[in-house]
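Participant: Here it is: the structure, laid out below.
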Amino acid sequence: MLRNVRAGPKTLRTTWQVNTTFLLNPWARVWLTEILKVLGNRIFGMDLAVDPIREGIVWHYRLSCAAMATSAGAALAVCGTVLQALLRNPLAEPYLLGISAGASTGPSS
């Protein structure tokens, strides 16, 4: 579990420790080896011993979130590439054409 982190040089965790804590242990302890076992069982048909509850956590919750985040990131990357290709400017940004201003009207209305 995450402990309270006080500001100070001796009590702050390193970035690596915080990232691995959130990756492997946000609410339930499911370690990387168990994640690989679940993926091996489900995708490649292996017969590795995994707790059914942890298998459900990985397969139903974490995998769907990771897939959605990956597809959203890929879609944003494609949009940025298309914008740069249309304007023939490698430094093009959404503010150049007013895309950001138009996108901000959606949440405000």
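By convention here, the chains of the structure tokens are called A, B, ... in the order presented, each chain's residues are numbered starting at 1, and ligands are numbered starting at 1 in the order presented.
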Could you make a table, as a tab-separated table, of the residues of range 31-82 of chain A that have an atom within 10 Å of an atom of range 92-109 of chain A, each with its nearest atom pair and distance in Å to one decimal, counting only C-alpha atoms, in chain and number order?
Facilitator:
residue	atom	partner	partner_atom	distance
A:Cys79	CA	A:Pro94	CA	9.8
A:Gly80	CA	A:Glu93	CA	7.8
A:Thr81	CA	A:Ala92	CA	9.4
Participant: Take the residues that were just selected and, keeping N, CA and C atoms, output them as a PDB file, in the first residue's frame.
Facilitator:
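Contents of again35.pdb, freshly written:
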ATOM      1  N   CYS A  79      -3.537  11.955 -35.156  1.00  0.00           N
ATOM      2  CA  CYS A  79      -4.080  13.299 -35.388  1.00  0.00           C
ATOM      3  C   CYS A  79      -2.966  14.333 -35.458  1.00  0.00           C
ATOM      4  N   GLY A  80      -1.995  14.235 -34.585  1.00  0.00           N
ATOM      5  CA  GLY A  80      -0.876  15.165 -34.616  1.00  0.00           C
ATOM      6  C   GLY A  80      -0.043  15.025 -35.871  1.00  0.00           C
ATOM      7  N   THR A  81       0.159  13.802 -36.319  1.00  0.00           N
ATOM      8  CA  THR A  81       0.924  13.569 -37.544  1.00  0.00           C
ATOM      9  C   THR A  81       0.190  14.116 -38.760  1.00  0.00           C
TER      10      THR A  81
END
Participant: Mind checking which residues fall within 12 Å of Gly40 in chain A, counting only C-alpha atoms, ignoring those fewer than 5 positions away in the same chain, and posting them as a PyMOL selection string?
Facilitator: chain A and resi 33-35+45-50+55+58-59
Participant: Work out how far CA of Ala72 in chain A is from CA of Arg42 in chain A, in Å to one decimal.
Facilitator: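 Separation between CA of Arg42 in chain A and CA of Ala72 in chain A: 24.0 Å.
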Participant: By how many Å are CA of Val38 in chain A and CA of Ala74 in chain A apart?
Facilitator: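 Between CA of Val38 in chain A and CA of Ala74 in chain A the gap works out to 24.9 Å.
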Participant: For a test of reading the model, state the distance in Å between CA of Leu32 in chain A and CA of Ile57 in chain A, rounded to one decimal.
Facilitator: 12.8 Å
